[in-house]
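Asker: I have a structure here, written as structure tokens, and I will follow up with some questions on it.
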Amino acid sequence: MCMNYISEYYDAETKPSTSLSVYQCGWQDCGPGHSYGPAIRDHYVIHYIIRGRGEYHADGKVYQLARGDGFLIVPNQSTFYRSDLEDPWEYFWVGFHGSEAKNLLEQANLNRESLIFRYDRDDMLRHHLASIHDVTKRKNCLGQQAMEYAMIGYLYLFISCLIKENSSNSGASQKQDYFARALRFIEENFSYDISVEDIASFVGVDRTYLYRIFIEQLSISPSRYLMDYRLNRAARMLAATDLSLKEAAYSVGFRDVAHFSRSFHKKYGMSPLKYRKMRGEKSI
């Protein structure tokens, strides 16, 4: 049987009735397009991406995720996730439950309404998840009880990093992070047929909140910024290359040349071809 992923995982034989317990943990290096779900779990699961890209579907939303991002699955929630076709992801995950789980996650601002987080300040999240996974390989040496206590200890350390990150990202700094993620997504994807909804999905916020962030930071809407970014890149292409008008339009995300020409004229006060001629004359 051909498998398009490599994985290692641990499943607890029972669910101990404690304040916090590890139920599952593992690591997976996925192949292109590898997916899981739609499925419902009866416990919490967190995935943390250490390489590549993919998408996470939950409650009708689609989140585009990359290295340094993580996502939460809550009990009784139908979810689906899939690795990217060109840059498939690799991740660690941990499944857990217990009377403290919900409260600890809330302290990290993780719940059904806030399923995505980002952590790229250091390698501690990866270290703690890898440690949970490594402990399961020492069951024969440690014994069942010691192994479970060690796993819980590393789980507390993992969640404490998320709580600390949420505290440091509160308020203005969190908005700055959202803003930076939005700019990064636009820079990397402006040549595709992306929308403001796609940007908001990648950032992990709704369109209204993304709009407020852009107004606060730049005094323009995200749709205006995306348009200006595309037109600025097009102007540089027209001045520096021999691309046709259609090629330049497609290269910056326009699929309608007439729409591109109208938008360009509105911004620069002249047609794309006249702009190219003018820039060419100035460079002589």
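Residues in the structure tokens are numbered from 1 in each chain, the chains being A, B, ... in the order shown, and ligands are numbered from 1 in the order shown.
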Among the residues of segment 82-268 of chain A, find those DSSP assigns to strand (DSSP E or B) from the backbone and print them as a list in words.

Answerer: Arg82, Ser83, Pro88, Glu90, Tyr91, Phe92, Trp93, Val94, Gly95, Phe96, His97, Asn111, Ser114, Ile116, Phe117 and Arg118 of chain A

Asker: Mind checking which residues fall within 10 Å of Met237 of chain A, counting only C-alpha atoms, ignoring those fewer than 3 positions away in the same chain, and posting them as JSON, numbers by chain?

Answerer: {"A": [231, 232, 233, 234, 240, 241, 242, 243, 244, 245, 247, 248, 249, 251, 252, 276]}

Asker: Write out as a PDB file with C-alpha atoms, in the first residue's frame the residues lying within 9 Å of Leu226 of chain A, counting only C-alpha atoms and excluding same-chain residues fewer than 5 positions away.

Answerer:
ATOM      1  CA  ILE A 186      -0.141  39.811   0.088  1.00  0.00           C
ATOM      2  CA  PHE A 190      -0.496  39.083  -4.984  1.00  0.00           C
ATOM      3  CA  SER A 195      -9.390  38.378  -2.103  1.00  0.00           C
ATOM      4  CA  VAL A 196      -9.650  40.207   1.213  1.00  0.00           C
ATOM      5  CA  SER A 221      -8.685  49.466   3.497  1.00  0.00           C
ATOM      6  CA  LEU A 231      -0.451  48.354  -9.490  1.00  0.00           C
TER       7      LEU A 231
END

Asker: Can you build me a table of segment 61-114 of chain A residues sitting at most 8 Å from segment 197-211 of chain A, with the closest atom pair per residue and its distance in Å to one decimal, using only C-alpha atoms, sorted by chain and residue number, as a Markdown table?

Answerer:
| residue | atom | partner | partner_atom | distance |
| --- | --- | --- | --- | --- |
| A:Lys61 | CA | A:Ser201 | CA | 7.3 |
| A:Val62 | CA | A:Ser201 | CA | 6.2 |
| A:Tyr63 | CA | A:Ser201 | CA | 5.0 |
| A:Gln64 | CA | A:Phe202 | CA | 4.7 |
| A:Leu65 | CA | A:Phe202 | CA | 6.5 |
| A:Ser114 | CA | A:Gly204 | CA | 7.9 |

Asker: Given only C-alpha atoms as the basis, pick out the residue of A:Ala258, A:Leu129, A:Leu157, A:Leu20 nearest to Gly98 of chain A.

Answerer: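 With only C-alpha atoms as the atom set, the closest residue is A:Leu20.
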
Asker: Which parts of segment 112-243 of chain A does DSSP call helix (DSSP H, G or I) when run on the backbone here, written out as number ranges by chain?

Answerer: A: 124-142, 144-168, 172-189, 196-203, 207-218, 222-240

Asker: Include C-alpha atoms and write out the residues we just selected as an mmCIF file, in the first residue's frame.

Answerer:
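out-v2.cif, freshly written:
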data_model
loop_
_atom_site.group_PDB
_atom_site.id
_atom_site.type_symbol
_atom_site.label_atom_id
_atom_site.label_comp_id
_atom_site.auth_asym_id
_atom_site.auth_seq_id
_atom_site.Cartn_x
_atom_site.Cartn_y
_atom_site.Cartn_z
ATOM 1 C CA MET A 124 10.349 25.869 22.637
ATOM 2 C CA LEU A 125 6.951 24.696 21.350
ATOM 3 C CA ARG A 126 8.612 22.196 19.063
ATOM 4 C CA HIS A 127 10.896 21.086 21.895
ATOM 5 C CA HIS A 128 8.031 20.447 24.327
ATOM 6 C CA LEU A 129 5.937 18.559 21.777
ATOM 7 C CA ALA A 130 8.938 16.490 20.713
ATOM 8 C CA SER A 131 9.608 15.727 24.379
ATOM 9 C CA ILE A 132 6.030 14.504 24.907
ATOM 10 C CA HIS A 133 6.473 12.254 21.896
ATOM 11 C CA ASP A 134 9.918 11.023 22.966
ATOM 12 C CA VAL A 135 8.690 10.063 26.439
ATOM 13 C CA THR A 136 6.288 7.523 24.923
ATOM 14 C CA LYS A 137 9.276 5.614 23.556
ATOM 15 C CA ARG A 138 10.611 5.135 27.097
ATOM 16 C CA LYS A 139 7.558 3.429 28.563
ATOM 17 C CA ASN A 140 9.414 0.188 29.245
ATOM 18 C CA CYS A 141 12.128 2.066 31.111
ATOM 19 C CA LEU A 142 9.939 4.530 33.004
ATOM 20 C CA GLN A 144 3.246 3.614 32.726
ATOM 21 C CA GLN A 145 2.661 6.033 35.609
ATOM 22 C CA ALA A 146 6.007 7.842 35.340
ATOM 23 C CA MET A 147 5.573 8.129 31.585
ATOM 24 C CA GLU A 148 2.129 9.728 31.989
ATOM 25 C CA TYR A 149 3.407 12.208 34.587
ATOM 26 C CA ALA A 150 6.313 13.190 32.336
ATOM 27 C CA MET A 151 3.973 13.720 29.387
ATOM 28 C CA ILE A 152 1.663 15.895 31.484
ATOM 29 C CA GLY A 153 4.642 17.931 32.662
ATOM 30 C CA TYR A 154 5.746 18.681 29.133
ATOM 31 C CA LEU A 155 2.144 19.458 28.172
ATOM 32 C CA TYR A 156 1.967 22.067 30.946
ATOM 33 C CA LEU A 157 5.220 23.589 29.659
ATOM 34 C CA PHE A 158 3.822 23.639 26.123
ATOM 35 C CA ILE A 159 0.603 25.378 27.150
ATOM 36 C CA SER A 160 2.510 27.805 29.394
ATOM 37 C CA CYS A 161 4.448 28.983 26.310
ATOM 38 C CA LEU A 162 1.151 29.646 24.537
ATOM 39 C CA ILE A 163 -0.201 31.544 27.544
ATOM 40 C CA LYS A 164 2.950 33.660 27.770
ATOM 41 C CA GLU A 165 2.841 34.371 24.036
ATOM 42 C CA ASN A 166 -0.800 35.425 24.276
ATOM 43 C CA SER A 167 0.030 37.802 27.146
ATOM 44 C CA SER A 168 2.868 39.398 25.182
ATOM 45 C CA ALA A 172 -1.420 46.595 20.132
ATOM 46 C CA SER A 173 1.312 43.973 19.697
ATOM 47 C CA GLN A 174 -1.245 41.376 18.603
ATOM 48 C CA LYS A 175 -2.622 43.798 16.034
ATOM 49 C CA GLN A 176 0.907 44.354 14.774
ATOM 50 C CA ASP A 177 1.314 40.612 14.361
ATOM 51 C CA TYR A 178 -1.952 40.348 12.435
ATOM 52 C CA PHE A 179 -0.922 43.284 10.265
ATOM 53 C CA ALA A 180 2.486 41.758 9.530
ATOM 54 C CA ARG A 181 0.875 38.433 8.606
ATOM 55 C CA ALA A 182 -1.499 40.195 6.220
ATOM 56 C CA LEU A 183 1.339 42.073 4.501
ATOM 57 C CA ARG A 184 3.340 38.863 4.202
ATOM 58 C CA PHE A 185 0.416 37.030 2.617
ATOM 59 C CA ILE A 186 -0.141 39.811 0.088
ATOM 60 C CA GLU A 187 3.552 39.978 -0.780
ATOM 61 C CA GLU A 188 3.713 36.224 -1.383
ATOM 62 C CA ASN A 189 0.368 35.816 -3.173
ATOM 63 C CA VAL A 196 -9.650 40.207 1.213
ATOM 64 C CA GLU A 197 -11.476 37.134 2.515
ATOM 65 C CA ASP A 198 -8.398 35.045 1.701
ATOM 66 C CA ILE A 199 -6.154 37.497 3.548
ATOM 67 C CA ALA A 200 -8.419 37.491 6.609
ATOM 68 C CA SER A 201 -8.524 33.695 6.579
ATOM 69 C CA PHE A 202 -4.726 33.474 6.525
ATOM 70 C CA VAL A 203 -4.398 35.975 9.359
ATOM 71 C CA ARG A 207 -12.913 40.825 7.385
ATOM 72 C CA THR A 208 -14.290 43.560 9.631
ATOM 73 C CA TYR A 209 -11.445 43.276 12.141
ATOM 74 C CA LEU A 210 -8.866 43.156 9.334
ATOM 75 C CA TYR A 211 -10.381 46.336 7.892
ATOM 76 C CA ARG A 212 -10.040 48.104 11.270
ATOM 77 C CA ILE A 213 -6.391 47.039 11.555
ATOM 78 C CA PHE A 214 -5.529 48.443 8.106
ATOM 79 C CA ILE A 215 -7.366 51.690 8.811
ATOM 80 C CA GLU A 216 -5.424 52.073 12.087
ATOM 81 C CA GLN A 217 -2.068 51.249 10.491
ATOM 82 C CA LEU A 218 -2.307 52.833 7.021
ATOM 83 C CA PRO A 222 -7.031 46.084 2.842
ATOM 84 C CA SER A 223 -8.666 45.979 -0.596
ATOM 85 C CA ARG A 224 -7.140 49.387 -1.428
ATOM 86 C CA TYR A 225 -3.739 48.250 -0.199
ATOM 87 C CA LEU A 226 -3.918 45.065 -2.278
ATOM 88 C CA MET A 227 -4.892 47.059 -5.377
ATOM 89 C CA ASP A 228 -2.105 49.605 -4.840
ATOM 90 C CA TYR A 229 0.450 46.861 -4.239
ATOM 91 C CA ARG A 230 -0.503 45.128 -7.475
ATOM 92 C CA LEU A 231 -0.451 48.354 -9.490
ATOM 93 C CA ASN A 232 2.920 49.400 -8.055
ATOM 94 C CA ARG A 233 4.392 46.043 -9.026
ATOM 95 C CA ALA A 234 2.835 46.337 -12.478
ATOM 96 C CA ALA A 235 4.335 49.812 -12.967
ATOM 97 C CA ARG A 236 7.781 48.464 -12.120
ATOM 98 C CA MET A 237 7.300 45.599 -14.589
ATOM 99 C CA LEU A 238 6.182 47.919 -17.373
ATOM 100 C CA ALA A 239 9.196 50.149 -16.846
ATOM 101 C CA ALA A 240 11.799 47.395 -16.528
#

Asker: Quick one: pull the distance between atom CA of Glu55 of chain A and atom CA of Arg82 of chain A, Å, one decimal.

Answerer: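 Distance between the two atoms: 5.5 Å.
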